[in-house]
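Participant: Here it is, the structure in full.
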Amino acid sequence: EFRTLLERIFKEKPKETPAATPGQGDLFGFFTPETTSEPEKTNLATLHTLNCNYQLVDNEEKLSQLLQNIVTQSVLSLDTETTSTDPIRAELVGMSFSYAENQAFYVPVPADRSEAQKIVDRFRPVFENREIMKVGQNIKYDMLVLANYGVQLQGPLFDTMVAHYVLQPELRHNMDYLAEIYLNYQTIHIEELIGPKGKNQGNMRDLPPASVYEYACEDADVTLKLKNKLEKELDENNVRKLFEEIEMPLIPVLAYMERNGVRIDTEALKETSRHFTLRMKQIEEEVYQLAGTEFNIASPKQVGEVLFDRLKIVEKAKKTKTGQYVTSEEVLESLRGKHEVVGKILEHRGLKKLLGTYIDALPQLINPETGRIHTSFNQTVTATGRLSSSNPNLQNIPIRNEDGKEIRKAFIPDDGCIFFSADYSQIELRIMAHLSGDPHMIEAFQKGQDIHAATASKIYKVPLEEVTREQRSKAKTANFGIIYGISVFGLAERLNVDRKEAKELIDGYFENYPHVKEYMDESIRIARERGYIETIFKRKRYLPDINSRNAIVRGYAERNAINAPIQGSAADIIKVAMVRIYQRFLKEGIQSKMILQVHDELNFSVLPEEQEKVKQIVIEEMESAYKMKAPLLADSGWGQNWLEAH
């Protein structure tokens, strides 16, 4: 992982060996940002230094023989070569298989759809055999591609990318990287076949099978080798159960949700776009009036000049190294009270971001064939274990302000269906109560009390029914702030109160919830000792900076030591719920669909006649996903769109 160091050394080192031949690709694959004529890296094995038996299966005899062989295997590594990185649109170019190290087979698939289907159907008994374990690197992709041909990949799964993520959540998990660190092997990079990324990149379909088969066979073979290495590490690190019982069963659930996609009301978005654009024009006029001049609101440079040179809203403004004023959102938020124009600029920026990121972008993401958006759920991105999503990123849709809510209005159920949303109520606080074992906190949850009012009642020493709105609001900020390891200064800033009051709030909090303080101290102690912390399900988060001499760096790691077990456990719990809901829908023949997962919330498109049944299954499985001292609680709602339901 010493990327900068490697880059520096190899850029400065004189060429002692002949430069790489053109077409060799980037020798480091991922260590350096661009290919340079660096010395050949000799300590890595390549396909040509190993004795591999890779076969191109290009006639009936070879195909029949391969099918006879693989149907008897208990473990099969597979990989698909396709025409697109988007699995919903991708067509098969070929399939590769490996069941013994250093041996693999590549089956080309013709462009003609009916001929392609015939070949896929020959492998159907293998793909749908529940006894054969399927091994893949990002196997969800292959699962989605095969679903385009009516095939359901069955049997236990082993995804090498997810296995490495479970072991080392903060590193990269691509196959080229894993091959280097686990196998001391350098793979053929796809760019060597179809050229560098970009609009001129070629397509696998355009290459003859003879040019593709070694690359494709290597993928299946390397994946099998990685599985054999990673399997041992899962056991050594005590995470096999997390991998097999949560992460692997989740893959078919995510594939099913991605394949279903979600409907978007494009007319509602057009209307919102018109409305927002008019508002932005109006705000621009107001900003020009308040500033006494016209300027480009989208230019940070001009915004800085107007605020700090012209209006002089503060005496000493922050500057970048190049001498330009800093006008980041964070800086402007802190200056909101200094001049009316700041709030207007922030509002303008907010609308512009919503328009660019979602309102005008969502219709472009609709698949013309299905008429839906098929977001990708990523299992191996966040360090905490939470799912992330891309194209579009649903996790970042703002929900607190009215403008953000307009976006949710555009997500609609299937024709004739109702939108159902269920989300965990204060799951992180419940996990904190469970992990810390604090009797006061647990009691409040067990009695079904409003936890923020209960906290306020204890801190301010007033009966529960006499808690004011302001007291509850401050207690709520303290509740959530403290599980993120907030400081007195941070809480004072967040609540807009002086430090004395913030300190009294925190002291009052720990006085009433002493076990919470003990849990926090213990979490930091364990992290210092082991170098990592764990969730309820033994998911690890490594914190190498926990013993750093730099107080800022160490403080960040300490906050993670407190929060990561809570956030990670919440992530694991919703994954368990998703798997169980999906399996019950299958078992009970439910036609309604789970369509979205966002943070602690699950969304469904529900047939009217299945309303009661779906609600019962969803709430039941969400609330029983893990038995805690502070019981899990799920809230739910119905509507004609996501906003109405949530």
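Just remember, in the structure tokens the first chain shown is A, the second B, etc., residues are 1-based per chain, and ligands are 1-based in the order shown.
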Excluding Tyr54 in chain A and residues on its chain fewer than 4 positions from it, collect all residues at most 6 Å away from it, counting only C-alpha atoms, and give them as a list in words.
Facilitator: Gln103, Ala104 and Phe105 of chain A
Participant: Emit the selected residues as a compact mmCIF listing (two decimals), in the first residue's frame, including N, CA and C atoms.
Facilitator:
```
# COMPACT_ATOMS: atom_id res chain seq x y z
N GLN A 103 -5.67 -24.95 -14.15
CA GLN A 103 -6.43 -25.55 -15.26
C GLN A 103 -7.73 -24.76 -15.42
N ALA A 104 -8.06 -24.38 -16.66
CA ALA A 104 -9.31 -23.63 -16.87
C ALA A 104 -9.77 -23.80 -18.32
N PHE A 105 -11.05 -23.50 -18.55
CA PHE A 105 -11.68 -23.71 -19.87
C PHE A 105 -12.47 -22.46 -20.25
```
Participant: As an exercise, work out the distance from CA of Gly323 in chain A to CA of Arg349 in chain A in Å and give it to one decimal place.
Facilitator: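 Rounded to one decimal, the two atoms are 22.7 Å apart.
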Participant: Between A:Val598, A:Leu193, A:Cys217, A:Leu435, which is the closest to Asn393 in chain A once you count only C-alpha atoms?
Facilitator: A:Val598
Participant: Between CA of Ala625 in chain A and CA of Ile412 in chain A, measure the distance and give it in Å to one decimal.
Facilitator: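 Interatomic distance here is 27.4 Å.
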Participant: Considering only C-alpha atoms, tabulate each residue of range 495-578 of chain A that lies at most 10 Å from range 459-467 of chain A along with its nearest interatomic pair and the corresponding distance in Å to one decimal; arrange the rows by chain and ascending residue number and present them as CSV.
Facilitator:
```
residue,atom,partner,partner_atom,distance
A:Glu504,CA,A:Ile459,CA,8.8
A:Leu505,CA,A:Ile459,CA,6.9
A:Ile506,CA,A:Ile459,CA,8.9
A:Asp507,CA,A:Ile459,CA,8.7
A:Gly508,CA,A:Ile459,CA,5.0
A:Tyr509,CA,A:Ile459,CA,5.9
A:Phe510,CA,A:Ile459,CA,9.1
A:Glu511,CA,A:Ile459,CA,8.3
A:Asn512,CA,A:Ile459,CA,7.0
A:Tyr513,CA,A:Ile459,CA,9.7
```
Participant: Just the residues within 10 Å of Pro363 in chain A, please, counting only C-alpha atoms, with nothing from its chain fewer than 6 positions along; format it as a list in words.
Facilitator: Ile264, Asp265, Thr266, Glu267, Leu269, Lys270, Gly371, Arg372 and Ile373 of chain A
Participant: List the neighbours of Ile536 in chain A out to 8 Å using only C-alpha atoms; skip same-chain residues closer than 2 positions along the sequence, and give me the result as a list in words.
Facilitator: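 The filter keeps Glu534, Lys538, Arg539, Pro565 and Ser569 of chain A.
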Participant: Nearest residue to Thr72 in chain A out of A:Ile482, A:Met133, A:Ala433, A:Leu5, using only C-alpha atoms?
Facilitator: A:Met133
Participant: Which residue out of A:Glu493, A:Glu428, A:Glu330, A:Glu218 has the minimum interatomic distance to Val342 in chain A when only C-alpha atoms are used?
Facilitator: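 Looking at the shortest contact to Val342 in chain A, the residue is A:Glu330.
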Participant: Find the residues around range 155-160 of chain A up to 7 Å (only C-alpha atoms counted), leave out those fewer than 4 positions away in its own chain, and share them as a list in words.
Facilitator: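 With the cut-off at 7 Å, the set is Asn129, Arg130, Glu131, Ile132, Met133, Lys134, Val135, Gly136, Gln137, Asn138, Ile139, His164, Thr223, Leu226, Lys227 and Met248 of chain A.
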Participant: Contacts of range 477-479 of chain A at 9 Å or less, counting only C-alpha atoms, minus same-chain residues fewer than 6 places along, as a list of chain:residue names?
Facilitator: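 Residues near the query, excluding close chain neighbours: A:Leu429, A:Ile451, A:His452, A:Thr455, A:Ile486, A:Leu491, A:Arg494, A:Leu495, A:Ala502, A:Leu505, A:Ile506, A:Tyr509.
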Participant: At a cut-off of 10 Å, using only C-alpha atoms, what residues contact range 307-321 of chain A? Leave out same-chain residues fewer than 5 positions from it and give the result as a ChimeraX atom specification.
Facilitator: /A:290-293,302,326-327,331-332,335,337-339,341-342
Participant: Got time to write the residues from that selection, N, CA and C atoms, as a PDB file, in the first residue's frame?
Facilitator:
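What follows is the written file out-v2.pdb:
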```pdb
ATOM      1  N   LEU A 290     -28.488  41.985  -2.517  1.00  0.00           N
ATOM      2  CA  LEU A 290     -27.829  42.030  -1.201  1.00  0.00           C
ATOM      3  C   LEU A 290     -26.341  42.344  -1.329  1.00  0.00           C
ATOM      4  N   ALA A 291     -25.707  41.861  -2.415  1.00  0.00           N
ATOM      5  CA  ALA A 291     -24.265  42.061  -2.597  1.00  0.00           C
ATOM      6  C   ALA A 291     -23.969  43.403  -3.253  1.00  0.00           C
ATOM      7  N   GLY A 292     -24.995  43.966  -3.913  1.00  0.00           N
ATOM      8  CA  GLY A 292     -24.806  45.248  -4.603  1.00  0.00           C
ATOM      9  C   GLY A 292     -24.019  45.110  -5.890  1.00  0.00           C
ATOM     10  N   THR A 293     -23.917  43.865  -6.392  1.00  0.00           N
ATOM     11  CA  THR A 293     -23.209  43.650  -7.671  1.00  0.00           C
ATOM     12  C   THR A 293     -23.606  42.297  -8.249  1.00  0.00           C
ATOM     13  N   GLN A 302     -15.151  34.086  -7.137  1.00  0.00           N
ATOM     14  CA  GLN A 302     -15.953  35.322  -7.126  1.00  0.00           C
ATOM     15  C   GLN A 302     -16.771  35.459  -5.845  1.00  0.00           C
ATOM     16  N   VAL A 326     -11.328  30.699   0.973  1.00  0.00           N
ATOM     17  CA  VAL A 326     -12.018  29.403   1.122  1.00  0.00           C
ATOM     18  C   VAL A 326     -13.510  29.685   1.281  1.00  0.00           C
ATOM     19  N   THR A 327     -14.312  29.089   0.392  1.00  0.00           N
ATOM     20  CA  THR A 327     -15.772  29.311   0.483  1.00  0.00           C
ATOM     21  C   THR A 327     -16.498  27.964   0.485  1.00  0.00           C
ATOM     22  N   VAL A 331     -17.329  26.403   5.714  1.00  0.00           N
ATOM     23  CA  VAL A 331     -16.963  27.791   6.043  1.00  0.00           C
ATOM     24  C   VAL A 331     -18.189  28.697   5.962  1.00  0.00           C
ATOM     25  N   LEU A 332     -18.955  28.533   4.867  1.00  0.00           N
ATOM     26  CA  LEU A 332     -20.135  29.397   4.700  1.00  0.00           C
ATOM     27  C   LEU A 332     -21.167  29.144   5.800  1.00  0.00           C
ATOM     28  N   LEU A 335     -20.529  31.072   8.760  1.00  0.00           N
ATOM     29  CA  LEU A 335     -20.682  32.530   8.582  1.00  0.00           C
ATOM     30  C   LEU A 335     -22.136  32.936   8.328  1.00  0.00           C
ATOM     31  N   GLY A 337     -24.672  33.549  10.065  1.00  0.00           N
ATOM     32  CA  GLY A 337     -25.244  34.632  10.869  1.00  0.00           C
ATOM     33  C   GLY A 337     -24.643  35.999  10.581  1.00  0.00           C
ATOM     34  N   LYS A 338     -23.538  36.044   9.811  1.00  0.00           N
ATOM     35  CA  LYS A 338     -22.823  37.313   9.594  1.00  0.00           C
ATOM     36  C   LYS A 338     -23.499  38.228   8.572  1.00  0.00           C
ATOM     37  N   HIS A 339     -24.175  37.612   7.587  1.00  0.00           N
ATOM     38  CA  HIS A 339     -24.811  38.426   6.535  1.00  0.00           C
ATOM     39  C   HIS A 339     -25.886  37.590   5.849  1.00  0.00           C
ATOM     40  N   VAL A 341     -26.750  37.413   2.866  1.00  0.00           N
ATOM     41  CA  VAL A 341     -26.386  36.887   1.547  1.00  0.00           C
ATOM     42  C   VAL A 341     -25.805  35.468   1.637  1.00  0.00           C
ATOM     43  N   VAL A 342     -25.158  35.133   2.787  1.00  0.00           N
ATOM     44  CA  VAL A 342     -24.517  33.812   2.919  1.00  0.00           C
ATOM     45  C   VAL A 342     -25.553  32.691   2.819  1.00  0.00           C
TER      46      VAL A 342
END
```
Participant: Name the residues of range 207-437 of chain A that fall into alpha helix (DSSP H) according to DSSP on the backbone, using the chain letters and numbers of this document, as a VMD selection string.
Facilitator: chain A and resid 209 to 236 240 to 242 248 to 260 266 to 291 300 to 304 329 to 334 340 to 354 402 to 408 427 to 436
